[in-house]
Amino acid sequence: MSTVELGLRTEAARRPTGLREFARSFCRNRLAVIGAVLILFFIGMALAAPWIAPHSPTETNLDRRLQAPFWAPGGSYDHPLGCDHLGRDLISRIVYGSRVSILIAVVVVSLTMLIGLVTGLLAGYFGGLLDAFISRIVDVLLAFPFLIFALAVTAALGPGLVNMILALVFKGWVEFCRVVRAETMSAKASDYVLAARSVGLSNVRILVGEILPNVVPSLIVLGTFNMAVVIIAESSLSFLGLGVQPPTPAWGSMVNDGRPYMLNAWWISTFPGVAVAALVLSINLMGEGLRDALDPRLRD
Amino acid sequence: MRLSFVSYRLVQLLPVLFGVALLVFLMMHITPGDPVELMLGQAGHATEEEIQALRHEYGLDRPLHVQFVSFMGNAMRGDFGTSFVHKQPVSAVIAARLPATVELTAFALLLAVAIALPLGIISAVRQYSFVDKAGTLGALVGISMPGFWLGIVLIIIFAVKLHWLPVSGRVEYGVGLDHVTGFYILDSILTRNGAAFWSALRHLALPAITLCAAMCAVSMRMVRSSMLEVIRQDYILYARAKGLPESVVVLKHALKNAMLPTITILAVQTGLLLSGNMIIETVFSWPGVGRLAVGAIEARNYPLIQAIVLLYALVYTGLNFGADVLYFVLNPRVRTR
Amino acid sequence: MLLEVDNLQTYFFTAGGVTKAVDGVSFALDNGQSMALVGESGCGKSTIALSIIGLVLYPGKIVGGRVLFDGQDLTKVPPREMRRVRARKMGLVFQDPQTTLNPAFTIGEQVAESILAAGGTARKAAWDRAVAAMEEVGIASAAERAKQYPHEFSGGMRQRTMIAAAIARSPSLFIADEPTTALDVTIQAQILDLIRRERERLDTALLLITHDLGIVGELCETAAVMYAGQLVERAPTASLLSDPLHPYSRALIGCVPRLGSRAQRLPTVGGSVPDLANLPQGCRFADRCPEAMDICRQDMPEIIRLENGREVRCYLHA
């Protein structure tokens, strides 16, 4: 530049960093806080199920078949949300059903995050043959829509809780791997990594000490949204009868149970689905808040 | 240059497609439990000879890699074997149900775009307004509702309680319709069958709405964020400074730039519509490929499952590929190099 | 009087406070005159330009003062009228031609667009006029080049395009915001020549906004210095450059290295610009002024009009 810079200094721009800034920024987002509170509520519900559920979720009572919720004719406060076609209390089943959904979500997302993190770091940092190999696998797995893959695996291995988790994990890690790999590659080219390498730090130290901390924020955000996806996938699979098997109560299969009774007992299908929607919505709300708080640049 | 880019990407695609086929094949053949025994088991007791004969007929007694090679060879020719349940060629079974799925998907797509586009634009132009906030929240709710549940709730409200719309199927029983293309809406227009047209439309409504909900939500946010990014650009300020009316600034200058990334994302989203298809078709008893797939899984109908999964993967990959190419072709910065 | 800015106040309302980007600026520009607004980044000069053309974006807002242009108060006219004024009577040249031209449309379309916006021209005629304008600003083979896209033009050519779009409708006022900052040295000279030539040809008024003192002398009869949202000095350019009155102006002009001087180090001004959301009570330059007095820190000095027509905001000249 030919123009002479006027010799005056200006204030450097500040960016929020650190835990306190993050917490403050997050709490300012009311919807996100509501989401977080709701999630805690669901977790609490899942943990305290045996104590807060008014009845047993599996006990059948044909006298109470298709009993309506308490505000409709034939309903009672004893079974506030009514009973299903086998006379099982709906609210207890919903409470217990949260255990399944939350357990599966936590297990699946933890595993996929771990696998995706490790593979992404390795592929992005070391490149070469390792990267090519991992990337090809990722490409192949990415060619399947999520549910199709899960269905294929369940078809192959049979329905059930463990198989469903396997299916979800086997497909899910590629999302994380892809993101982590991209971030690792860009971090690898950055100045601070260059500095670390020139000082002679070992690769492991660099990966864990320099690159990992920069990858973590996006990983957290992605993991949160992934939980929502997993819960919907799990309930969809349960709905199709391919997930958790009866008599274990799962929200998805409960909705399916109610299908023949849409005409006269709409509550059997409706309320479990409300639970799914509520939990997923709160996760999404919190995820949005996390994303906005962790990286203001990503915000609109 | 453009052509070589496209062919380059195509070549890159081949190992992926191979891997996909391999994976699908392996998944179907490592299952515990013998499919043939399962099949015959349903028909009653079978002798060992009968089992062996059937296995030989299906080629299941050959080593795995030989089976794979013949599988690939046949697949290239469109032959995916015979469906265990229908006793017909798999390709015919799928082809018969393809129009139903395509019609449903196309409608859902149209609906999603028709709603998401204007809503996204308005949200971006009137950021922080009521429409924007409501739209964003609505989009979040939209992606949070599982498809199977939304479908059932809509059925309960509109079919059971209000009796406005039918519960299931593609067209009312008893309404005659000549099949020309297999797309009922199109057929009814072509044969000037008014009753069939309305019937088909009414049956299409709820499934299409359910299917489009999630995609609409995602697309709307995509359009919005794309527009927001574009609106912040200097050339928008300049366009305003030239004295152009706001509508021109938004609809001409901003939109044209925002559409590029949006279209490519939409192409990918359409692939996700495929997943939703299975659930929605099951809920509404829509006679399409999705419901076929679910039934096939329950019946352990491996040749059919194999073909359908492969088909879905191919279409999804094709859509992604098309999106890449589209982006490249439409981008003026690259076009004129 | 073509343009009269009267005590203009434009503030930005953010979560961190109220930033007073333009705080009581007044000046006038008559037909055919040229004035430069000089200052460093962040002093508010670009905001003044945006305020005049009515494109201050959220969270900014004009909160006080008037902008009288050709008899109308632009701060009060309805949007449609404002657009008409922009289209017919103003020509704008912005800083970075790379980002200011829409990459999705051809150059010709964008120049023709500005002609069409002024109204009264048919499409074909607008295109022809656009090509003619491009030729006028020195773009060779304009007819073919008009069909190309911005990324196919060099920086200098893009800036010429913007000037073409500006002159094509013979406006009464040019506003040029850092027109040469993003260009190479050699191109800068050409663009400056072009601006001067066109201005003289069309007898248009020019408001030049820049931080580069070097180009002020070339183009403008009058120059005004801005600091922290306020005008601190205004004078004929020659007088300002040879005899600056305000300590800030003196520092600025002193910072420009002269050929042949034997100074070892370039002089600088210590300290930094005050936070526009947290302004001091008195003179905003007092902290860094080598000649600051007590009264400077207590009371904000008003603009003082001197006999020779110059204006200064400084107690030293009271």
# chains A, B, ... in the order shown; residues from 1 in each chain; ligands from 1
>>> residues_around(residues="A:Pro50", least_positions_apart="6", cutoff="10 Å", atoms="only C-alpha atoms", output="number ranges by chain")
A: 56-57, 92, 95-96
>>> closest_atom_pairs(of="chain C", to="chain A", cutoff="12 Å", atoms="only C-alpha atoms", output="Markdown table")
| residue | atom | partner | partner_atom | distance |
| --- | --- | --- | --- | --- |
| C:Ala15 | CA | A:Arg28 | CA | 11.8 |
| C:Val38 | CA | A:Leu6 | CA | 11.3 |
| C:Gly39 | CA | A:Leu6 | CA | 9.2 |
| C:Glu40 | CA | A:Leu6 | CA | 7.3 |
| C:Ser41 | CA | A:Thr10 | CA | 8.7 |
| C:Gly42 | CA | A:Thr10 | CA | 8.8 |
| C:Cys43 | CA | A:Thr10 | CA | 10.8 |
| C:Glu178 | CA | A:Thr3 | CA | 11.5 |
| C:Thr180 | CA | A:Thr3 | CA | 9.7 |
| C:Thr181 | CA | A:Thr3 | CA | 7.9 |
| C:Ala182 | CA | A:Met1 | CA | 8.4 |
| C:Leu183 | CA | A:Met1 | CA | 8.3 |
| C:Asp184 | CA | A:Met1 | CA | 7.2 |
| C:Val185 | CA | A:Ser2 | CA | 6.1 |
| C:Thr186 | CA | A:Ser2 | CA | 9.7 |
| C:Ile187 | CA | A:Ser2 | CA | 11.3 |
| C:Gln188 | CA | A:Ser2 | CA | 9.6 |
| C:Ala189 | CA | A:Ser2 | CA | 11.3 |
| C:Thr210 | CA | A:Thr3 | CA | 10.7 |
| C:His211 | CA | A:Leu6 | CA | 8.1 |
| C:Asp212 | CA | A:Thr3 | CA | 6.1 |
| C:Leu213 | CA | A:Thr3 | CA | 8.3 |
| C:Gly214 | CA | A:Thr3 | CA | 7.3 |
| C:Ile215 | CA | A:Thr3 | CA | 9.2 |
| C:Val216 | CA | A:Thr3 | CA | 11.9 |
| C:Tyr227 | CA | A:Leu8 | CA | 11.9 |
| C:Ala228 | CA | A:Thr10 | CA | 11.7 |
| C:Tyr248 | CA | A:Leu8 | CA | 10.9 |
| C:Ser249 | CA | A:Leu6 | CA | 11.1 |
| C:Arg250 | CA | A:Leu6 | CA | 11.8 |
| C:Ala251 | CA | A:Leu6 | CA | 9.0 |
| C:Leu252 | CA | A:Leu6 | CA | 6.6 |
| C:Ile253 | CA | A:Leu6 | CA | 8.9 |
| C:Gly254 | CA | A:Leu6 | CA | 9.5 |
| C:Cys255 | CA | A:Leu6 | CA | 6.2 |
| C:Val256 | CA | A:Val4 | CA | 6.4 |
| C:Pro257 | CA | A:Val4 | CA | 7.8 |
| C:Arg258 | CA | A:Val4 | CA | 10.7 |
| C:Arg265 | CA | A:Gly7 | CA | 11.2 |
| C:Leu266 | CA | A:Gly7 | CA | 8.1 |
| C:Pro267 | CA | A:Gly7 | CA | 7.2 |
| C:Thr268 | CA | A:Gly7 | CA | 4.5 |
| C:Val269 | CA | A:Leu8 | CA | 5.7 |
| C:Gly270 | CA | A:Leu8 | CA | 7.0 |
| C:Gly271 | CA | A:Arg9 | CA | 7.2 |
| C:Ser272 | CA | A:Arg9 | CA | 5.4 |
| C:Val273 | CA | A:Thr10 | CA | 6.2 |
| C:Pro274 | CA | A:Glu11 | CA | 8.9 |
| C:Asp275 | CA | A:Glu11 | CA | 8.4 |
| C:Leu276 | CA | A:Glu11 | CA | 11.3 |
| C:Arg288 | CA | A:Leu8 | CA | 10.6 |
>>> closest_residue(among="B:Arg224, B:Leu104, B:Trp149, B:Leu314", to="B:Gly19", atoms="only C-alpha atoms")
B:Leu314
>>> closest_atom_pairs(of="chain A", to="chain B", cutoff="7 Å", atoms="only C-alpha atoms", output="CSV")
residue,atom,partner,partner_atom,distance
A:Arg136,CA,B:Val16,CA,6.9
A:Asp139,CA,B:Val16,CA,6.4
A:Val140,CA,B:Val16,CA,5.2
A:Ala143,CA,B:Thr317,CA,5.4
A:Phe144,CA,B:Ala313,CA,4.9
A:Pro145,CA,B:Ser275,CA,6.2
A:Leu147,CA,B:Ser275,CA,5.6
A:Ile148,CA,B:Ser275,CA,6.1
A:Val153,CA,B:Met27,CA,6.7
A:Ala155,CA,B:Ile297,CA,5.4
A:Ala156,CA,B:Thr31,CA,4.9
A:Leu157,CA,B:Thr31,CA,5.6
A:Ile232,CA,B:Pro146,CA,5.9
A:Ser236,CA,B:Phe148,CA,7.0
A:Met262,CA,B:Ile156,CA,6.3
A:Leu263,CA,B:Val160,CA,6.0
A:Trp266,CA,B:Ile156,CA,6.9
A:Thr270,CA,B:Val153,CA,6.6
A:Gly273,CA,B:Trp149,CA,5.6
A:Ala277,CA,B:Met145,CA,4.8
A:Val280,CA,B:Ser144,CA,5.3
A:Leu281,CA,B:Ser144,CA,5.0
A:Asp300,CA,B:Ser225,CA,6.5
>>> write_last_selection(atoms="C-alpha atoms", output="short mmCIF file (atom, residue, chain, number, x, y, z; two decimals), in the first residue's frame")
data_model
loop_
_atom_site.label_atom_id
_atom_site.label_comp_id
_atom_site.auth_asym_id
_atom_site.auth_seq_id
_atom_site.Cartn_x
_atom_site.Cartn_y
_atom_site.Cartn_z
CA ARG A 136 -13.17 -44.17 1.42
CA ASP A 139 -17.69 -42.02 1.61
CA VAL A 140 -19.25 -45.44 1.28
CA ALA A 143 -23.89 -42.93 0.53
CA PHE A 144 -26.69 -44.42 2.61
CA PRO A 145 -29.46 -42.37 4.11
CA LEU A 147 -32.61 -44.85 8.25
CA ILE A 148 -32.04 -47.05 5.24
CA VAL A 153 -28.53 -53.72 9.50
CA ALA A 155 -32.74 -56.74 8.63
CA ALA A 156 -29.44 -58.53 8.63
CA LEU A 157 -28.97 -58.96 12.34
CA ILE A 232 -35.85 -39.78 16.28
CA SER A 236 -38.72 -44.58 14.19
CA MET A 262 -56.72 -44.25 16.07
CA LEU A 263 -60.46 -44.14 15.70
CA TRP A 266 -56.28 -41.59 19.95
CA THR A 270 -50.50 -39.28 20.62
CA GLY A 273 -45.13 -39.01 20.40
CA ALA A 277 -41.18 -34.33 20.16
CA VAL A 280 -36.06 -33.68 20.73
CA LEU A 281 -37.21 -30.08 20.65
CA ASP A 300 -26.81 -15.33 11.91
#
>>> interface_residues(of="chain B", to="chain C", cutoff="6 Å", atoms="only C-alpha atoms", output="list in words")
Asp234, Tyr235, Lys242, Gly243 and Leu244 of chain B
>>> select_by_dssp(residues="stretch 37-270 of chain A", states="strand (DSSP E or B)", output="PyMOL selection string")
chain A and resi 76+79+83+89
>>> residues_around(residues="A:Ile165", least_positions_apart="3", cutoff="9 Å", atoms="only C-alpha atoms", output="PyMOL selection string")
chain A and resi 104+107-108+160-162+168-170+234+243
>>> write_last_selection(atoms="N, CA and C atoms", output="PDB file, in the first residue's frame")
ATOM      1  N   ILE A 104     -30.250 -45.030  25.028  1.00  0.00           N
ATOM      2  CA  ILE A 104     -29.739 -45.281  23.680  1.00  0.00           C
ATOM      3  C   ILE A 104     -29.053 -44.042  23.121  1.00  0.00           C
ATOM      4  N   VAL A 107     -25.632 -43.625  24.866  1.00  0.00           N
ATOM      5  CA  VAL A 107     -24.672 -44.652  24.462  1.00  0.00           C
ATOM      6  C   VAL A 107     -24.218 -44.443  23.025  1.00  0.00           C
ATOM      7  N   VAL A 108     -25.196 -44.274  22.147  1.00  0.00           N
ATOM      8  CA  VAL A 108     -24.857 -44.155  20.725  1.00  0.00           C
ATOM      9  C   VAL A 108     -24.003 -42.924  20.467  1.00  0.00           C
ATOM     10  N   GLY A 160     -33.904 -55.700  17.836  1.00  0.00           N
ATOM     11  CA  GLY A 160     -33.436 -55.769  19.220  1.00  0.00           C
ATOM     12  C   GLY A 160     -32.631 -54.543  19.590  1.00  0.00           C
ATOM     13  N   LEU A 161     -32.472 -54.352  20.885  1.00  0.00           N
ATOM     14  CA  LEU A 161     -31.811 -53.165  21.403  1.00  0.00           C
ATOM     15  C   LEU A 161     -30.348 -53.094  20.958  1.00  0.00           C
ATOM     16  N   VAL A 162     -29.616 -54.181  21.184  1.00  0.00           N
ATOM     17  CA  VAL A 162     -28.187 -54.164  20.888  1.00  0.00           C
ATOM     18  C   VAL A 162     -27.934 -53.958  19.405  1.00  0.00           C
ATOM     19  N   LEU A 168     -26.938 -47.906  14.594  1.00  0.00           N
ATOM     20  CA  LEU A 168     -26.834 -46.458  14.706  1.00  0.00           C
ATOM     21  C   LEU A 168     -25.379 -46.011  14.850  1.00  0.00           C
ATOM     22  N   VAL A 169     -24.605 -46.774  15.615  1.00  0.00           N
ATOM     23  CA  VAL A 169     -23.208 -46.396  15.805  1.00  0.00           C
ATOM     24  C   VAL A 169     -22.427 -46.573  14.509  1.00  0.00           C
ATOM     25  N   PHE A 170     -22.693 -47.679  13.844  1.00  0.00           N
ATOM     26  CA  PHE A 170     -21.941 -48.001  12.639  1.00  0.00           C
ATOM     27  C   PHE A 170     -22.112 -46.940  11.577  1.00  0.00           C
ATOM     28  N   GLU A 234     -34.168 -43.813  16.634  1.00  0.00           N
ATOM     29  CA  GLU A 234     -34.517 -44.937  17.507  1.00  0.00           C
ATOM     30  C   GLU A 234     -36.013 -45.107  17.620  1.00  0.00           C
ATOM     31  N   GLY A 243     -36.815 -52.114  16.707  1.00  0.00           N
ATOM     32  CA  GLY A 243     -35.911 -51.662  17.748  1.00  0.00           C
ATOM     33  C   GLY A 243     -36.100 -52.453  19.012  1.00  0.00           C
TER      34      GLY A 243
END
>>> atom_distance(atom1="atom CA of B:Thr105", atom2="atom CA of B:Leu204")
10.3 Å
>>> atom_distance(atom1="atom CA of C:Ala28", atom2="atom CA of C:Thr161")
28.5 Å
>>> residues_around(residues="C:Gly282", least_positions_apart="3", cutoff="10 Å", atoms="only C-alpha atoms", output="list in words")
Leu279, Phe285, Ala286, Asp287, Asp294, Ile295, Cys296, Arg297, Gln298, Asp299, Met300 and Pro301 of chain C
>>> write_last_selection(atoms="N, CA and C atoms", output="PDB file, in the first residue's frame")
ATOM      1  N   LEU C 279     -17.503   8.274  25.563  1.00  0.00           N
ATOM      2  CA  LEU C 279     -16.729   9.451  25.208  1.00  0.00           C
ATOM      3  C   LEU C 279     -16.422  10.315  26.422  1.00  0.00           C
ATOM      4  N   PHE C 285      -9.996  14.992  21.754  1.00  0.00           N
ATOM      5  CA  PHE C 285      -8.598  14.779  21.423  1.00  0.00           C
ATOM      6  C   PHE C 285      -7.692  15.133  22.590  1.00  0.00           C
ATOM      7  N   ALA C 286      -8.294  15.633  23.676  1.00  0.00           N
ATOM      8  CA  ALA C 286      -7.492  16.188  24.769  1.00  0.00           C
ATOM      9  C   ALA C 286      -6.449  15.208  25.297  1.00  0.00           C
ATOM     10  N   ASP C 287      -6.811  13.957  25.408  1.00  0.00           N
ATOM     11  CA  ASP C 287      -5.893  12.956  25.954  1.00  0.00           C
ATOM     12  C   ASP C 287      -4.578  12.866  25.207  1.00  0.00           C
ATOM     13  N   ASP C 294      -6.496  22.840  30.703  1.00  0.00           N
ATOM     14  CA  ASP C 294      -7.511  22.324  31.628  1.00  0.00           C
ATOM     15  C   ASP C 294      -8.903  22.421  31.039  1.00  0.00           C
ATOM     16  N   ILE C 295      -9.168  23.566  30.417  1.00  0.00           N
ATOM     17  CA  ILE C 295     -10.517  23.764  29.904  1.00  0.00           C
ATOM     18  C   ILE C 295     -10.835  22.750  28.827  1.00  0.00           C
ATOM     19  N   CYS C 296      -9.796  22.275  28.127  1.00  0.00           N
ATOM     20  CA  CYS C 296     -10.020  21.294  27.071  1.00  0.00           C
ATOM     21  C   CYS C 296     -10.647  20.034  27.633  1.00  0.00           C
ATOM     22  N   ARG C 297     -10.174  19.648  28.826  1.00  0.00           N
ATOM     23  CA  ARG C 297     -10.691  18.380  29.360  1.00  0.00           C
ATOM     24  C   ARG C 297     -12.071  18.550  29.992  1.00  0.00           C
ATOM     25  N   GLN C 298     -12.427  19.792  30.320  1.00  0.00           N
ATOM     26  CA  GLN C 298     -13.700  19.966  31.011  1.00  0.00           C
ATOM     27  C   GLN C 298     -14.857  20.198  30.067  1.00  0.00           C
ATOM     28  N   ASP C 299     -14.663  21.098  29.118  1.00  0.00           N
ATOM     29  CA  ASP C 299     -15.770  21.481  28.246  1.00  0.00           C
ATOM     30  C   ASP C 299     -15.461  21.164  26.799  1.00  0.00           C
ATOM     31  N   MET C 300     -16.476  20.686  26.116  1.00  0.00           N
ATOM     32  CA  MET C 300     -16.343  20.415  24.684  1.00  0.00           C
ATOM     33  C   MET C 300     -16.241  21.735  23.938  1.00  0.00           C
ATOM     34  N   PRO C 301     -15.174  21.935  23.170  1.00  0.00           N
ATOM     35  CA  PRO C 301     -15.070  23.187  22.406  1.00  0.00           C
ATOM     36  C   PRO C 301     -16.060  23.202  21.251  1.00  0.00           C
TER      37      PRO C 301
END
>>> residues_around(residues="stretch 69-86 of chain A", least_positions_apart="6", cutoff="10 Å", atoms="only C-alpha atoms", output="number ranges by chain")
A: 54-55, 58-63, 92-94, 254, 257-258, 260-261, 265-269, 271
>>> write_last_selection(atoms="N, CA and C atoms", output="short mmCIF file (atom, residue, chain, number, x, y, z; two decimals), in the first residue's frame")
data_model
loop_
_atom_site.label_atom_id
_atom_site.label_comp_id
_atom_site.auth_asym_id
_atom_site.auth_seq_id
_atom_site.Cartn_x
_atom_site.Cartn_y
_atom_site.Cartn_z
N PRO A 54 -46.71 -43.88 38.50
CA PRO A 54 -47.77 -44.30 39.43
C PRO A 54 -48.05 -45.80 39.39
N HIS A 55 -47.83 -46.42 38.22
CA HIS A 55 -48.12 -47.86 38.13
C HIS A 55 -46.98 -48.57 37.45
N THR A 58 -45.70 -52.48 32.76
CA THR A 58 -45.98 -53.70 32.02
C THR A 58 -47.18 -54.47 32.54
N GLU A 59 -47.72 -54.00 33.63
CA GLU A 59 -48.84 -54.74 34.22
C GLU A 59 -50.09 -54.53 33.38
N THR A 60 -50.66 -55.61 32.90
CA THR A 60 -51.86 -55.48 32.07
C THR A 60 -53.11 -55.65 32.92
N ASN A 61 -54.16 -55.02 32.46
CA ASN A 61 -55.41 -55.09 33.22
C ASN A 61 -56.54 -54.89 32.22
N LEU A 62 -57.09 -55.98 31.76
CA LEU A 62 -58.02 -55.88 30.65
C LEU A 62 -59.31 -55.14 31.01
N ASP A 63 -59.54 -54.93 32.29
CA ASP A 63 -60.70 -54.12 32.66
C ASP A 63 -60.53 -52.69 32.18
N SER A 92 -47.20 -44.16 33.03
CA SER A 92 -46.08 -44.95 33.55
C SER A 92 -45.21 -45.45 32.40
N ARG A 93 -45.86 -45.86 31.33
CA ARG A 93 -45.10 -46.36 30.19
C ARG A 93 -44.27 -45.27 29.56
N ILE A 94 -44.86 -44.07 29.54
CA ILE A 94 -44.10 -42.96 28.97
C ILE A 94 -42.89 -42.65 29.84
N MET A 254 -44.80 -47.64 21.22
CA MET A 254 -46.10 -47.29 21.80
C MET A 254 -46.97 -46.58 20.77
N ASP A 257 -48.33 -49.16 18.60
CA ASP A 257 -49.40 -49.92 19.25
C ASP A 257 -50.74 -49.24 19.07
N GLY A 258 -50.72 -47.94 19.08
CA GLY A 258 -51.97 -47.20 19.04
C GLY A 258 -52.57 -47.06 17.67
N PRO A 260 -53.94 -49.19 15.42
CA PRO A 260 -55.26 -49.77 15.16
C PRO A 260 -56.38 -49.06 15.90
N TYR A 261 -56.01 -48.24 16.89
CA TYR A 261 -57.05 -47.64 17.72
C TYR A 261 -57.16 -46.14 17.49
N ALA A 265 -59.29 -44.56 20.29
CA ALA A 265 -58.41 -44.32 21.44
C ALA A 265 -57.18 -43.58 20.96
N TRP A 266 -57.37 -42.34 20.57
CA TRP A 266 -56.28 -41.59 19.95
C TRP A 266 -55.12 -41.34 20.91
N TRP A 267 -55.38 -41.42 22.22
CA TRP A 267 -54.32 -41.04 23.16
C TRP A 267 -53.15 -42.02 23.17
N ILE A 268 -53.41 -43.24 22.79
CA ILE A 268 -52.35 -44.24 22.87
C ILE A 268 -51.18 -43.88 21.95
N SER A 269 -51.50 -43.37 20.77
CA SER A 269 -50.45 -42.97 19.83
C SER A 269 -49.95 -41.56 20.10
N PHE A 271 -49.76 -39.37 22.95
CA PHE A 271 -48.93 -38.91 24.06
C PHE A 271 -47.47 -39.38 24.01
#
>>> residues_around(residues="B:Leu117", least_positions_apart="6", cutoff="12 Å", atoms="only C-alpha atoms", output="list in words")
Leu109, Leu110, Leu111, Ser123, Ala124, Gly135, Met215, Cys216, Ala217, Val218, Ser219, Met220, Arg221, Met222, Val223, Arg224, Ser225, Ser226, Met227, Leu251, Leu255, Ala258, Met259, Thr262, Ile263 and Leu266 of chain B
>>> write_last_selection(atoms="C-alpha atoms", output="compact mmCIF listing (two decimals), in the first residue's frame")
# COMPACT_ATOMS: atom_id res chain seq x y z
CA LEU B 109 -40.65 -31.59 -2.51
CA LEU B 110 -42.82 -29.06 -4.31
CA LEU B 111 -44.73 -28.29 -1.18
CA SER B 123 -37.36 -14.16 7.59
CA ALA B 124 -34.06 -12.94 6.29
CA GLY B 135 -40.60 -19.10 11.56
CA MET B 215 -37.55 -30.93 4.82
CA CYS B 216 -39.48 -27.68 4.82
CA ALA B 217 -38.09 -26.80 8.20
CA VAL B 218 -34.51 -27.46 7.20
CA SER B 219 -34.87 -25.73 3.85
CA MET B 220 -36.40 -22.64 5.35
CA ARG B 221 -33.50 -22.19 7.71
CA MET B 222 -31.10 -22.83 4.88
CA VAL B 223 -32.70 -20.19 2.69
CA ARG B 224 -32.76 -17.79 5.59
CA SER B 225 -29.14 -18.15 6.54
CA SER B 226 -28.07 -18.04 2.92
CA MET B 227 -30.02 -14.85 2.33
CA LEU B 251 -35.45 -10.79 -5.42
CA LEU B 255 -31.71 -14.23 -4.24
CA ALA B 258 -28.31 -17.08 -2.18
CA MET B 259 -29.86 -19.72 -4.38
CA THR B 262 -29.39 -23.46 -1.23
CA ILE B 263 -30.07 -25.50 -4.33
CA LEU B 266 -31.89 -28.97 -1.28
>>> select_by_dssp(residues="stretch 213-262 of chain C", states="helix (DSSP H, G or I)", output="JSON, numbers by chain")
{"C": [213, 214, 215, 216, 217, 218, 219, 237, 238, 239, 240, 241, 242, 247, 248, 249, 250, 251, 252, 253, 254, 255]}
>>> write_last_selection(atoms="C-alpha atoms", output="CSV table (one decimal), in the first residue's frame")
chain,number,residue,atom,x,y,z
C,213,LEU,CA,-4.1,12.9,2.6
C,214,GLY,CA,-2.2,12.4,-0.5
C,215,ILE,CA,-5.2,12.4,-2.8
C,216,VAL,CA,-7.1,15.2,-1.1
C,217,GLY,CA,-5.0,17.9,-2.7
C,218,GLU,CA,-5.5,16.5,-6.1
C,219,LEU,CA,-9.2,16.5,-6.1
C,237,THR,CA,-7.3,22.3,1.0
C,238,ALA,CA,-4.2,24.3,0.3
C,239,SER,CA,-4.4,26.2,3.5
C,240,LEU,CA,-5.1,23.1,5.5
C,241,LEU,CA,-2.1,21.3,4.1
C,242,SER,CA,0.3,24.1,4.5
C,247,PRO,CA,-3.5,19.8,16.8
C,248,TYR,CA,-4.9,16.7,15.4
C,249,SER,CA,-4.7,18.0,11.8
C,250,ARG,CA,-1.2,19.1,12.5
C,251,ALA,CA,-0.3,15.6,13.7
C,252,LEU,CA,-1.9,14.0,10.7
C,253,ILE,CA,-0.2,16.2,8.2
C,254,GLY,CA,3.0,15.9,10.1
C,255,CYS,CA,2.8,12.1,9.8
>>> residues_around(residues="stretch 200-216 of chain A", least_positions_apart="6", cutoff="12 Å", atoms="only C-alpha atoms", output="ChimeraX atom specification")
/A:113-114,116-118,120-126,176-194,222-223,291,294-295
